[in-house]
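S.K.: My structure is in structure-v4.csv, and what it holds is CSV, C-alpha atoms and all ligand atoms:
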```csv
chain,number,residue,atom,x,y,z
A,668,MET,CA,0.0,0.0,0.0
A,669,LYS,CA,1.5,3.3,-1.1
A,670,ASN,CA,0.5,6.2,1.1
A,671,ARG,CA,1.7,9.0,-1.1
A,672,THR,CA,-0.8,11.7,-1.8
A,673,LEU,CA,-1.5,12.7,-5.4
A,674,ALA,CA,-3.1,16.0,-6.3
A,675,ILE,CA,-4.6,16.5,-9.8
A,676,ILE,CA,-4.7,20.2,-10.5
A,677,VAL,CA,-7.2,21.4,-13.0
A,678,PRO,CA,-7.4,25.1,-13.9
A,679,CYS,CA,-10.8,26.1,-15.1
A,680,PHE,CA,-12.0,29.2,-16.8
A,681,ASN,CA,-15.6,29.1,-17.9
A,682,GLU,CA,-15.7,25.4,-18.3
A,683,GLU,CA,-19.3,24.6,-17.1
A,684,GLU,CA,-20.0,22.7,-20.3
A,685,VAL,CA,-17.2,20.2,-20.0
A,686,LEU,CA,-16.6,20.1,-16.3
A,687,PRO,CA,-19.1,17.4,-15.3
A,688,LEU,CA,-17.5,15.0,-17.8
A,689,THR,CA,-14.0,15.9,-16.8
A,690,HIS,CA,-14.9,15.4,-13.1
A,691,GLN,CA,-16.3,12.0,-13.8
A,692,ARG,CA,-13.3,10.8,-15.7
A,693,LEU,CA,-10.8,12.1,-13.2
A,694,LEU,CA,-12.8,10.7,-10.3
A,695,ASP,CA,-12.9,7.2,-12.0
A,696,LEU,CA,-9.2,7.4,-12.6
A,697,LEU,CA,-8.4,8.5,-9.0
A,698,ASN,CA,-10.6,5.7,-7.6
A,699,SER,CA,-8.9,3.1,-9.7
A,700,LEU,CA,-5.4,4.3,-8.7
A,701,ARG,CA,-6.6,4.1,-5.1
A,702,ASP,CA,-8.0,0.6,-5.6
A,703,ASP,CA,-4.7,-0.5,-7.0
A,704,ALA,CA,-3.0,1.0,-4.0
A,705,ARG,CA,-0.9,3.2,-6.3
A,706,VAL,CA,-1.8,6.4,-4.4
A,707,GLY,CA,-3.0,7.1,-0.9
A,708,GLU,CA,-6.7,7.5,0.1
A,709,GLU,CA,-6.0,11.2,0.8
A,710,SER,CA,-5.4,11.9,-2.9
A,711,TYR,CA,-7.6,14.5,-4.4
A,712,ILE,CA,-8.6,16.6,-7.4
A,713,LEU,CA,-8.0,20.3,-7.0
A,714,TYR,CA,-10.0,22.6,-9.2
A,715,VAL,CA,-8.7,26.2,-9.6
A,716,ASP,CA,-11.5,28.5,-10.8
A,717,ASP,CA,-9.7,31.3,-12.6
A,718,GLY,CA,-12.4,33.9,-12.3
A,719,SER,CA,-15.1,32.1,-14.3
A,720,THR,CA,-18.2,34.1,-15.0
A,721,ASP,CA,-20.4,31.1,-15.7
A,722,GLY,CA,-21.6,28.2,-13.4
A,723,THR,CA,-18.1,26.7,-13.1
A,724,TRP,CA,-17.7,27.5,-9.4
A,725,HIS,CA,-21.2,26.3,-8.6
A,726,LEU,CA,-20.2,22.9,-10.1
A,727,ILE,CA,-16.9,22.8,-8.2
A,728,THR,CA,-18.8,23.6,-4.9
A,729,GLY,CA,-20.9,20.5,-5.5
A,730,TYR,CA,-17.9,18.3,-6.2
A,731,CYS,CA,-16.2,19.5,-3.0
A,732,LEU,CA,-18.9,17.8,-0.9
A,733,ASP,CA,-16.9,14.7,-1.6
A,734,LYS,CA,-13.5,14.4,0.0
A,735,SER,CA,-11.9,13.5,-3.4
A,736,ALA,CA,-12.3,17.1,-4.6
A,737,ARG,CA,-11.2,20.5,-3.5
A,738,GLY,CA,-11.6,23.9,-5.0
A,739,ILE,CA,-9.8,27.2,-5.0
A,740,LYS,CA,-11.6,30.3,-6.3
A,741,LEU,CA,-9.3,33.1,-7.4
A,742,THR,CA,-10.6,36.6,-7.1
A,743,GLY,CA,-10.4,37.3,-10.8
A,744,ASN,CA,-9.0,36.0,-14.1
A,745,SER,CA,-5.3,35.7,-13.5
A,746,GLY,CA,-4.5,33.6,-16.5
A,747,HIS,CA,-3.9,29.9,-17.1
A,748,GLN,CA,-0.2,29.9,-15.9
A,749,HIS,CA,-1.0,31.8,-12.7
A,750,ALA,CA,-4.0,29.5,-12.0
A,751,LEU,CA,-1.6,26.5,-12.3
A,752,MET,CA,0.8,28.1,-9.9
A,753,ALA,CA,-2.1,28.8,-7.4
A,754,GLY,CA,-2.9,25.1,-7.6
A,755,LEU,CA,0.7,23.9,-7.2
A,756,GLU,CA,1.5,26.3,-4.4
A,757,SER,CA,-1.4,25.2,-2.4
A,758,ALA,CA,-1.2,21.5,-3.2
A,759,ARG,CA,2.5,21.1,-2.3
A,760,GLU,CA,1.7,21.6,1.4
A,761,GLU,CA,0.0,18.2,1.5
A,762,ALA,CA,0.6,16.3,-1.7
A,763,ASP,CA,3.7,14.3,-2.5
A,764,VAL,CA,3.1,14.4,-6.2
A,765,MET,CA,1.1,16.8,-8.4
A,766,ILE,CA,-0.2,16.5,-11.9
A,767,THR,CA,-1.6,19.5,-13.8
A,768,ILE,CA,-4.1,18.9,-16.6
A,769,ASP,CA,-6.5,21.1,-18.6
A,770,ALA,CA,-10.2,21.0,-17.9
A,771,ASP,CA,-11.2,20.3,-21.5
A,772,LEU,CA,-10.2,16.6,-21.7
A,773,GLN,CA,-7.9,17.3,-24.6
A,774,ASP,CA,-5.2,15.6,-22.7
A,775,ASP,CA,-5.6,11.9,-22.2
A,776,VAL,CA,-6.6,11.3,-18.6
A,777,ASN,CA,-5.3,7.7,-18.8
A,778,ALA,CA,-1.8,8.9,-19.4
A,779,ILE,CA,-1.7,9.7,-15.7
A,780,VAL,CA,-1.3,6.0,-14.9
A,781,GLU,CA,1.9,5.8,-17.0
A,782,MET,CA,3.1,9.1,-15.5
A,783,MET,CA,2.8,7.5,-12.0
A,784,SER,CA,4.9,4.6,-13.2
A,785,ARG,CA,7.7,6.9,-14.4
A,786,TYR,CA,7.4,8.6,-11.0
A,787,ASP,CA,7.8,5.2,-9.3
A,788,GLU,CA,11.0,4.7,-11.3
A,789,GLY,CA,12.4,7.8,-9.7
A,790,CYS,CA,11.5,10.7,-12.1
A,791,ASP,CA,10.7,14.0,-10.5
A,792,ILE,CA,9.1,15.4,-13.6
A,793,VAL,CA,7.1,13.6,-16.2
A,794,TYR,CA,6.0,15.5,-19.4
A,795,GLY,CA,2.9,14.6,-21.2
A,796,VAL,CA,3.7,14.9,-24.9
A,797,ARG,CA,1.2,14.8,-27.7
A,798,ARG,CA,1.8,12.0,-30.2
A,799,ASN,CA,0.0,13.9,-32.9
A,800,ARG,CA,-1.9,17.1,-33.3
A,801,SER,CA,-4.4,15.9,-35.9
A,802,SER,CA,-7.3,16.9,-33.7
A,803,ASP,CA,-6.2,20.5,-33.7
A,804,SER,CA,-7.2,22.9,-36.4
A,805,LEU,CA,-4.6,23.5,-39.2
A,806,PHE,CA,-4.1,27.0,-37.9
A,807,LYS,CA,-3.4,25.9,-34.3
A,808,ARG,CA,-1.1,23.1,-35.5
A,809,SER,CA,1.0,25.3,-37.8
A,810,SER,CA,1.1,28.2,-35.4
A,811,ALA,CA,2.2,25.8,-32.6
A,812,GLN,CA,4.9,24.4,-34.8
A,813,LEU,CA,6.2,27.8,-35.7
A,814,PHE,CA,6.2,28.7,-32.0
A,815,TYR,CA,8.4,25.7,-31.0
A,816,ARG,CA,10.8,26.4,-33.9
A,817,PHE,CA,11.0,30.1,-33.0
A,818,MET,CA,11.6,29.2,-29.3
A,819,LYS,CA,14.4,26.9,-30.3
A,820,ALA,CA,16.0,29.5,-32.6
A,821,MET,CA,15.8,31.9,-29.7
A,822,GLY,CA,17.7,29.5,-27.5
A,823,VAL,CA,14.7,28.6,-25.2
A,824,LYS,CA,14.7,25.0,-24.0
A,825,THR,CA,11.2,23.6,-24.3
A,826,ILE,CA,9.8,20.0,-24.8
A,827,TYR,CA,8.4,19.7,-28.3
A,828,ASN,CA,4.6,19.2,-28.3
A,829,HIS,CA,4.3,19.4,-24.5
A,830,ALA,CA,1.8,21.8,-23.0
A,831,ASP,CA,1.0,22.0,-19.4
A,832,PHE,CA,0.0,18.3,-18.8
A,833,ARG,CA,2.8,17.2,-16.4
A,834,LEU,CA,3.6,15.4,-13.2
A,835,MET,CA,5.9,17.0,-10.7
A,836,SER,CA,7.2,15.7,-7.4
A,837,ARG,CA,6.9,17.9,-4.3
A,838,ARG,CA,10.6,18.8,-4.4
A,839,ALA,CA,10.3,19.8,-8.1
A,840,VAL,CA,7.3,22.0,-7.2
A,841,ASP,CA,9.2,23.5,-4.3
A,842,ALA,CA,12.0,24.3,-6.6
A,843,LEU,CA,9.6,25.8,-9.1
A,844,CYS,CA,8.0,28.0,-6.4
A,845,ARG,CA,11.4,29.6,-5.8
A,846,TYR,CA,11.0,31.3,-9.2
A,847,GLU,CA,9.1,34.5,-8.5
A,848,GLU,CA,8.6,35.9,-11.9
A,849,ARG,CA,5.2,37.3,-13.0
A,850,ASN,CA,5.6,36.7,-16.7
A,851,LEU,CA,5.2,33.0,-16.2
A,852,PHE,CA,6.0,30.5,-18.9
A,853,LEU,CA,6.0,27.1,-17.1
A,854,ARG,CA,6.9,25.1,-20.2
A,855,GLY,CA,10.2,26.9,-20.3
A,856,LEU,CA,10.8,27.0,-16.5
A,857,VAL,CA,10.2,23.4,-15.6
A,858,PRO,CA,13.0,22.0,-17.9
A,859,GLN,CA,15.4,24.5,-16.2
A,860,LEU,CA,14.8,22.8,-12.8
A,861,GLY,CA,17.1,20.0,-14.0
A,862,TYR,CA,15.5,17.2,-12.1
A,863,ARG,CA,15.4,13.7,-13.6
A,864,SER,CA,12.5,13.7,-16.1
A,865,ALA,CA,10.7,11.4,-18.6
A,866,THR,CA,8.0,11.8,-21.2
A,867,VAL,CA,4.8,10.0,-21.7
A,868,LEU,CA,3.2,10.0,-25.2
A,869,TYR,CA,-0.6,10.3,-25.6
A,870,ASP,CA,-3.1,11.1,-28.3
A,871,ARG,CA,-4.5,14.6,-28.1
A,872,HIS,CA,-8.3,14.7,-28.4
A,873,GLU,CA,-10.6,17.5,-29.5
A,874,ARG,CA,-12.0,19.6,-26.8
A,875,ALA,CA,-14.9,17.6,-25.2
A,876,ALA,CA,-17.1,20.7,-25.0
A,877,GLY,CA,-17.0,24.4,-24.7
A,878,SER,CA,-14.5,26.6,-26.5
A,879,SER,CA,-10.8,27.5,-26.3
A,880,ALA,CA,-10.1,30.6,-24.1
A,881,TYR,CA,-6.8,31.1,-26.0
A,882,PRO,CA,-7.5,33.3,-28.9
A,883,LEU,CA,-4.7,34.4,-31.2
A,884,GLY,CA,-3.9,37.4,-29.0
A,885,SER,CA,-3.3,35.3,-25.9
A,886,MET,CA,-1.3,32.8,-27.9
A,887,LEU,CA,0.9,35.6,-29.2
A,888,SER,CA,1.4,37.1,-25.7
A,889,LEU,CA,2.3,33.7,-24.3
A,890,ALA,CA,4.9,33.3,-27.1
A,891,VAL,CA,6.3,36.8,-26.4
A,892,ASP,CA,6.5,36.0,-22.6
A,893,GLY,CA,8.2,32.7,-23.5
A,894,VAL,CA,10.9,34.4,-25.5
A,895,THR,CA,11.5,37.5,-23.4
A,896,SER,CA,11.6,35.6,-20.1
A,897,PHE,CA,14.2,33.2,-21.2
A,898,SER,CA,16.4,34.8,-23.9
A,899,VAL,CA,18.1,38.1,-24.6
A,900,LYS,CA,18.9,36.9,-28.1
A,901,PRO,CA,16.4,39.4,-29.7
A,902,LEU,CA,18.4,42.2,-28.1
A,903,ARG,CA,21.6,40.9,-29.5
A,904,LEU,CA,20.0,40.5,-33.0
A,905,ILE,CA,19.4,44.3,-33.0
A,906,PHE,CA,23.1,44.8,-32.9
A,907,TYR,CA,23.6,42.6,-36.0
A,908,LEU,CA,20.8,44.5,-37.7
A,909,GLY,CA,22.5,47.8,-36.9
A,910,ALA,CA,25.9,46.6,-38.1
A,911,LEU,CA,24.3,45.4,-41.4
A,912,PHE,CA,22.6,48.8,-41.9
A,913,LEU,CA,25.9,50.6,-41.3
A,914,LEU,CA,27.6,48.5,-43.9
A,915,ILE,CA,24.8,49.2,-46.4
A,916,SER,CA,25.0,52.9,-45.7
A,917,LEU,CA,28.8,52.8,-46.3
A,918,GLY,CA,28.2,51.1,-49.6
A,919,ILE,CA,25.8,53.9,-50.6
A,920,LEU,CA,28.3,56.5,-49.5
A,921,VAL,CA,31.0,55.0,-51.7
A,922,TYR,CA,28.5,54.9,-54.6
A,923,VAL,CA,27.5,58.6,-54.0
A,924,ILE,CA,31.1,59.8,-54.0
A,925,VAL,CA,32.0,57.9,-57.1
A,926,ALA,CA,28.9,59.3,-58.8
A,927,LEU,CA,29.7,62.8,-57.8
A,928,CYS,CA,33.3,62.5,-59.0
A,929,ASN,CA,31.9,61.4,-62.4
A,930,GLY,CA,29.7,64.5,-62.5
A,931,ARG,CA,26.5,62.5,-62.1
A,932,GLY,CA,24.8,64.2,-59.1
A,933,VAL,CA,22.3,62.0,-57.4
A,934,GLN,CA,18.8,63.5,-57.6
A,935,GLY,CA,16.9,60.5,-56.3
A,936,TRP,CA,13.9,61.7,-54.4
A,937,ALA,CA,12.6,58.1,-54.5
A,938,SER,CA,15.8,56.6,-53.0
A,939,ILE,CA,15.7,59.2,-50.1
A,940,MET,CA,12.1,58.6,-49.3
A,941,LEU,CA,12.6,54.8,-49.5
A,942,SER,CA,15.6,54.9,-47.1
A,943,ILE,CA,13.8,57.1,-44.6
A,944,TRP,CA,10.9,54.9,-44.4
A,945,PHE,CA,12.9,51.7,-44.4
A,946,VAL,CA,15.3,52.8,-41.7
A,947,GLY,CA,12.4,54.4,-39.7
A,948,GLY,CA,10.5,51.1,-39.9
A,949,CYS,CA,13.5,49.1,-38.8
A,950,LEU,CA,14.2,51.5,-35.9
A,951,LEU,CA,10.7,51.2,-34.7
A,952,ILE,CA,10.8,47.4,-34.7
A,953,CYS,CA,14.0,47.4,-32.7
A,954,LEU,CA,12.5,49.9,-30.3
A,955,SER,CA,9.5,47.7,-29.9
A,956,ILE,CA,11.7,44.7,-29.0
A,957,ILE,CA,13.5,46.8,-26.4
A,958,ALA,CA,10.2,48.1,-25.1
A,959,ALA,CA,9.0,44.4,-24.7
A,960,TYR,CA,11.9,43.8,-22.3
A,961,ILE,CA,11.5,47.1,-20.5
A,962,GLY,CA,7.8,46.3,-20.1
A,963,ARG,CA,8.8,43.1,-18.4
A,964,ILE,CA,11.3,44.7,-16.1
A,965,TYR,CA,8.5,47.1,-15.2
A,966,THR,CA,6.1,44.4,-14.3
A,967,GLU,CA,8.7,42.2,-12.6
A,968,GLY,CA,10.1,45.1,-10.6
A,969,LYS,CA,6.8,45.7,-8.9
A,970,HIS,CA,6.7,42.3,-7.3
A,971,ARG,CA,3.0,42.2,-7.3
A,972,PRO,CA,1.2,39.0,-6.1
A,973,ARG,CA,0.4,36.7,-9.0
A,974,TYR,CA,-3.1,35.9,-7.8
A,975,HIS,CA,-5.4,36.2,-4.8
A,976,ILE,CA,-7.5,33.4,-3.4
A,977,GLU,CA,-11.1,34.2,-2.5
A,978,LYS,CA,-12.2,30.8,-1.2
A,979,TYR,CA,-10.6,27.4,-0.6
A,980,LEU,CA,-13.0,24.5,-0.3
A,981,LYS,CA,-11.8,21.2,1.2
A,1001,LIG,N1,-7.7,28.6,-18.5
A,1001,LIG,C1,-7.5,29.3,-17.3
A,1001,LIG,N2,-7.5,30.7,-17.4
A,1001,LIG,C2,-7.5,31.4,-18.5
A,1001,LIG,C3,-7.7,30.6,-19.7
A,1001,LIG,C4,-7.7,29.3,-19.7
A,1001,LIG,O1,-7.5,28.7,-16.2
A,1001,LIG,O2,-7.5,32.6,-18.5
A,1001,LIG,C5,-7.7,27.1,-18.4
A,1001,LIG,C6,-8.9,26.5,-19.2
A,1001,LIG,O3,-10.0,26.4,-18.4
A,1001,LIG,C7,-8.3,25.1,-19.5
A,1001,LIG,C8,-6.8,25.4,-19.7
A,1001,LIG,O4,-6.6,26.7,-19.0
A,1001,LIG,O5,-8.5,24.2,-18.5
A,1001,LIG,C9,-6.4,25.5,-21.2
A,1001,LIG,O6,-7.2,26.4,-21.9
A,1001,LIG,P1,-7.8,26.2,-23.3
A,1001,LIG,O7,-8.3,24.8,-23.4
A,1001,LIG,O8,-8.8,27.3,-23.6
A,1001,LIG,O9,-6.5,26.4,-24.2
A,1001,LIG,P2,-6.1,25.5,-25.5
A,1001,LIG,O10,-6.1,24.1,-25.2
A,1001,LIG,O11,-7.0,25.9,-26.6
A,1001,LIG,O12,-4.7,26.0,-25.7
A,1002,MG,MG,-7.6,23.1,-24.5
```
Step by step, read the file and then write its structure as structure tokens.
M.R.:
Amino acid sequence: MKNRTLAIIVPCFNEEEVLPLTHQRLLDLLNSLRDDARVGEESYILYVDDGSTDGTWHLITGYCLDKSARGIKLTGNSGHQHALMAGLESAREEADVMITIDADLQDDVNAIVEMMSRYDEGCDIVYGVRRNRSSDSLFKRSSAQLFYRFMKAMGVKTIYNHADFRLMSRRAVDALCRYEERNLFLRGLVPQLGYRSATVLYDRHERAAGSSAYPLGSMLSLAVDGVTSFSVKPLRLIFYLGALFLLISLGILVYVIVALCNGRGVQGWASIMLSIWFVGGCLLICLSIIAAYIGRIYTEGKHRPRYHIEKYLK
């Protein structure tokens, strides 16, 4: 009989349509793990309501009547990553091992069994990795691929096709909690912890019900967070761009001098206009990259709390 406590952490933002099904599946799984004596009786599912405006919290309140479920209600919408942290920070007080999974059943609940086996073998972190993305729309698939490539090019270490479905031991979560940044990108942070890890492959399903809360804007801002919190490469790229421009302008200077010596004055209105706009555009892009970093220094410097808890139901 293994007495370790497992906490399955589920962030929820307006998930009333899918939550009943998710709860049933997770509960079945938890019970079978208990029956097989793979986790202790105290194990539980922890729902983190990230400021839902529909009936999500009402549903969670009902589930919490049973000792298998607990609920945290955040005071507002803090975002997926912060909701995950709220769950992990609270669960690590009692749980020995924690698994985070989305509420929409896109991740295969049954992969948790294999994750526990890897944990038994001594891994502190087990990443759930999608075997294929055929259930995602073409847009989501190609944008995701672009994202992973871009992250790699920027020198950020991420696990390909792994989102936030992962197992972490308590000491790994303790280590994670020592990172105090506000611009959270867990997929980049967790591999930095360096604990022994493994991956478990699973087939990604379509959302069981409801709709994705990650529109293009949020996906882009997650990508920008990912790059700016882990890499200063974009800042260095500005230098190379500047050097290139200097070289080009030197070339133009040589051309102008030669043309003048040959008595062919350069009249080119068009070339001047083009240069002004081209250089102006490049400068603005570079400024915006610097601004992205300054913006992050600004938010990090304030050390504001990542979330606030309104209620905790046990
Ligand atoms: N989520 C959250 N806060 C948010 C947005 C999403 O807690 O502000 C939760 C959501 O309920 C789900 C998970 O994060 O459990 C992933 O969201 P979603 O399925 O919308 O993202 P996708 O799978 O489309 O990337
Ligand atoms: Mg989803």
S.K.: Return the single residue from A:Ser898, A:Thr825, A:Ser916, A:Ser878 that is closest to ligand MG 1002 (chain A), with distances computed using all atoms listed in the file.
M.R.: A:Ser878
S.K.: Give me the residues near Asp733 in chain A as a VMD selection string, where near means some atom within 10 Å (using only C-alpha atoms) and where sequence neighbours in that chain fewer than 4 positions away do not count.
M.R.: chain A and resid 711 728 to 729 737 981
S.K.: Just how far from atom N2 of ligand LIG 1001 (chain A) is CA of Asn777 in chain A, in Å to one decimal?
M.R.: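 Separating CA of Asn777 in chain A from atom N2 of ligand LIG 1001 (chain A) is a distance of 23.1 Å.
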S.K.: Show me which residues are within 9 Å of ligand LIG 1001 (chain A) counting all atoms listed in the file, and format the list as a PyMOL selection string.
M.R.: chain A and resi 677-682+715-719+744-751+768-774+803+807+830-831+874+877-882+885-886
S.K.: With only C-alpha atoms and all ligand atoms as the basis for distance, which of A:Ala876, A:Ile939, A:Leu741, A:Ile952 is at the shortest distance from ligand MG 1002 (chain A)?
M.R.: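 Among the listed residues, the smallest separation from ligand MG 1002 (chain A) belongs to A:Ala876.
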S.K.: Using all atoms listed in the file, pick whichever of A:Leu726, A:Cys928, A:Met818, A:Ala875 has the shortest atom-to-atom distance to ligand MG 1002 (chain A).
M.R.: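 Once distances to ligand MG 1002 (chain A) are computed over all atoms listed in the file, the minimum belongs to A:Ala875.
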S.K.: Would you mind putting back N, CA, C and O atoms on range 710-728 of chain A, then writing it out as a PDB file, in the frame of the given file?
M.R.:
```
ATOM      1  N   SER A 710      -5.564  11.278  -1.578  1.00  0.00           N
ATOM      2  CA  SER A 710      -5.400  11.900  -2.900  1.00  0.00           C
ATOM      3  C   SER A 710      -6.628  12.664  -3.307  1.00  0.00           C
ATOM      4  O   SER A 710      -7.737  12.271  -2.959  1.00  0.00           O
ATOM      5  N   TYR A 711      -6.453  13.731  -4.053  1.00  0.00           N
ATOM      6  CA  TYR A 711      -7.600  14.500  -4.400  1.00  0.00           C
ATOM      7  C   TYR A 711      -7.435  15.274  -5.739  1.00  0.00           C
ATOM      8  O   TYR A 711      -6.326  15.373  -6.271  1.00  0.00           O
ATOM      9  N   ILE A 712      -8.560  15.774  -6.239  1.00  0.00           N
ATOM     10  CA  ILE A 712      -8.600  16.600  -7.400  1.00  0.00           C
ATOM     11  C   ILE A 712      -8.719  18.046  -6.967  1.00  0.00           C
ATOM     12  O   ILE A 712      -9.596  18.323  -6.149  1.00  0.00           O
ATOM     13  N   LEU A 713      -7.877  18.933  -7.452  1.00  0.00           N
ATOM     14  CA  LEU A 713      -8.000  20.300  -7.000  1.00  0.00           C
ATOM     15  C   LEU A 713      -8.360  21.213  -8.206  1.00  0.00           C
ATOM     16  O   LEU A 713      -7.588  21.370  -9.154  1.00  0.00           O
ATOM     17  N   TYR A 714      -9.571  21.746  -8.158  1.00  0.00           N
ATOM     18  CA  TYR A 714     -10.000  22.600  -9.200  1.00  0.00           C
ATOM     19  C   TYR A 714      -9.644  24.068  -8.868  1.00  0.00           C
ATOM     20  O   TYR A 714      -9.897  24.516  -7.743  1.00  0.00           O
ATOM     21  N   VAL A 715      -9.041  24.770  -9.814  1.00  0.00           N
ATOM     22  CA  VAL A 715      -8.700  26.200  -9.600  1.00  0.00           C
ATOM     23  C   VAL A 715      -9.604  27.004 -10.507  1.00  0.00           C
ATOM     24  O   VAL A 715      -9.438  26.977 -11.727  1.00  0.00           O
ATOM     25  N   ASP A 716     -10.577  27.692  -9.935  1.00  0.00           N
ATOM     26  CA  ASP A 716     -11.500  28.500 -10.800  1.00  0.00           C
ATOM     27  C   ASP A 716     -10.811  29.871 -10.978  1.00  0.00           C
ATOM     28  O   ASP A 716     -10.654  30.671 -10.072  1.00  0.00           O
ATOM     29  N   ASP A 717     -10.432  30.096 -12.237  1.00  0.00           N
ATOM     30  CA  ASP A 717      -9.700  31.300 -12.600  1.00  0.00           C
ATOM     31  C   ASP A 717     -10.633  32.440 -12.971  1.00  0.00           C
ATOM     32  O   ASP A 717     -10.605  32.932 -14.092  1.00  0.00           O
ATOM     33  N   GLY A 718     -11.501  32.800 -12.024  1.00  0.00           N
ATOM     34  CA  GLY A 718     -12.400  33.900 -12.300  1.00  0.00           C
ATOM     35  C   GLY A 718     -13.475  33.660 -13.316  1.00  0.00           C
ATOM     36  O   GLY A 718     -13.817  34.559 -14.104  1.00  0.00           O
ATOM     37  N   SER A 719     -14.016  32.449 -13.315  1.00  0.00           N
ATOM     38  CA  SER A 719     -15.100  32.100 -14.300  1.00  0.00           C
ATOM     39  C   SER A 719     -16.307  32.991 -14.064  1.00  0.00           C
ATOM     40  O   SER A 719     -16.613  33.368 -12.932  1.00  0.00           O
ATOM     41  N   THR A 720     -17.003  33.282 -15.155  1.00  0.00           N
ATOM     42  CA  THR A 720     -18.200  34.100 -15.000  1.00  0.00           C
ATOM     43  C   THR A 720     -19.464  33.230 -15.256  1.00  0.00           C
ATOM     44  O   THR A 720     -20.581  33.723 -15.221  1.00  0.00           O
ATOM     45  N   ASP A 721     -19.270  31.948 -15.527  1.00  0.00           N
ATOM     46  CA  ASP A 721     -20.400  31.100 -15.700  1.00  0.00           C
ATOM     47  C   ASP A 721     -20.643  30.201 -14.479  1.00  0.00           C
ATOM     48  O   ASP A 721     -20.231  30.589 -13.389  1.00  0.00           O
ATOM     49  N   GLY A 722     -21.230  29.040 -14.624  1.00  0.00           N
ATOM     50  CA  GLY A 722     -21.600  28.200 -13.400  1.00  0.00           C
ATOM     51  C   GLY A 722     -20.433  27.322 -12.969  1.00  0.00           C
ATOM     52  O   GLY A 722     -20.673  26.400 -12.176  1.00  0.00           O
ATOM     53  N   THR A 723     -19.209  27.564 -13.407  1.00  0.00           N
ATOM     54  CA  THR A 723     -18.100  26.700 -13.100  1.00  0.00           C
ATOM     55  C   THR A 723     -17.920  26.510 -11.546  1.00  0.00           C
ATOM     56  O   THR A 723     -17.823  25.391 -11.041  1.00  0.00           O
ATOM     57  N   TRP A 724     -17.901  27.629 -10.832  1.00  0.00           N
ATOM     58  CA  TRP A 724     -17.700  27.500  -9.400  1.00  0.00           C
ATOM     59  C   TRP A 724     -18.790  26.813  -8.679  1.00  0.00           C
ATOM     60  O   TRP A 724     -18.573  26.068  -7.727  1.00  0.00           O
ATOM     61  N   HIS A 725     -20.000  27.014  -9.178  1.00  0.00           N
ATOM     62  CA  HIS A 725     -21.200  26.300  -8.600  1.00  0.00           C
ATOM     63  C   HIS A 725     -20.957  24.800  -8.700  1.00  0.00           C
ATOM     64  O   HIS A 725     -21.179  24.061  -7.740  1.00  0.00           O
ATOM     65  N   LEU A 726     -20.500  24.363  -9.878  1.00  0.00           N
ATOM     66  CA  LEU A 726     -20.200  22.900 -10.100  1.00  0.00           C
ATOM     67  C   LEU A 726     -19.145  22.446  -9.115  1.00  0.00           C
ATOM     68  O   LEU A 726     -19.291  21.412  -8.457  1.00  0.00           O
ATOM     69  N   ILE A 727     -18.070  23.232  -9.030  1.00  0.00           N
ATOM     70  CA  ILE A 727     -16.900  22.800  -8.200  1.00  0.00           C
ATOM     71  C   ILE A 727     -17.411  22.717  -6.712  1.00  0.00           C
ATOM     72  O   ILE A 727     -17.046  21.770  -6.014  1.00  0.00           O
ATOM     73  N   THR A 728     -18.238  23.659  -6.283  1.00  0.00           N
ATOM     74  CA  THR A 728     -18.800  23.600  -4.900  1.00  0.00           C
ATOM     75  C   THR A 728     -19.462  22.285  -4.655  1.00  0.00           C
ATOM     76  O   THR A 728     -19.301  21.671  -3.600  1.00  0.00           O
TER      77      THR A 728
END
```
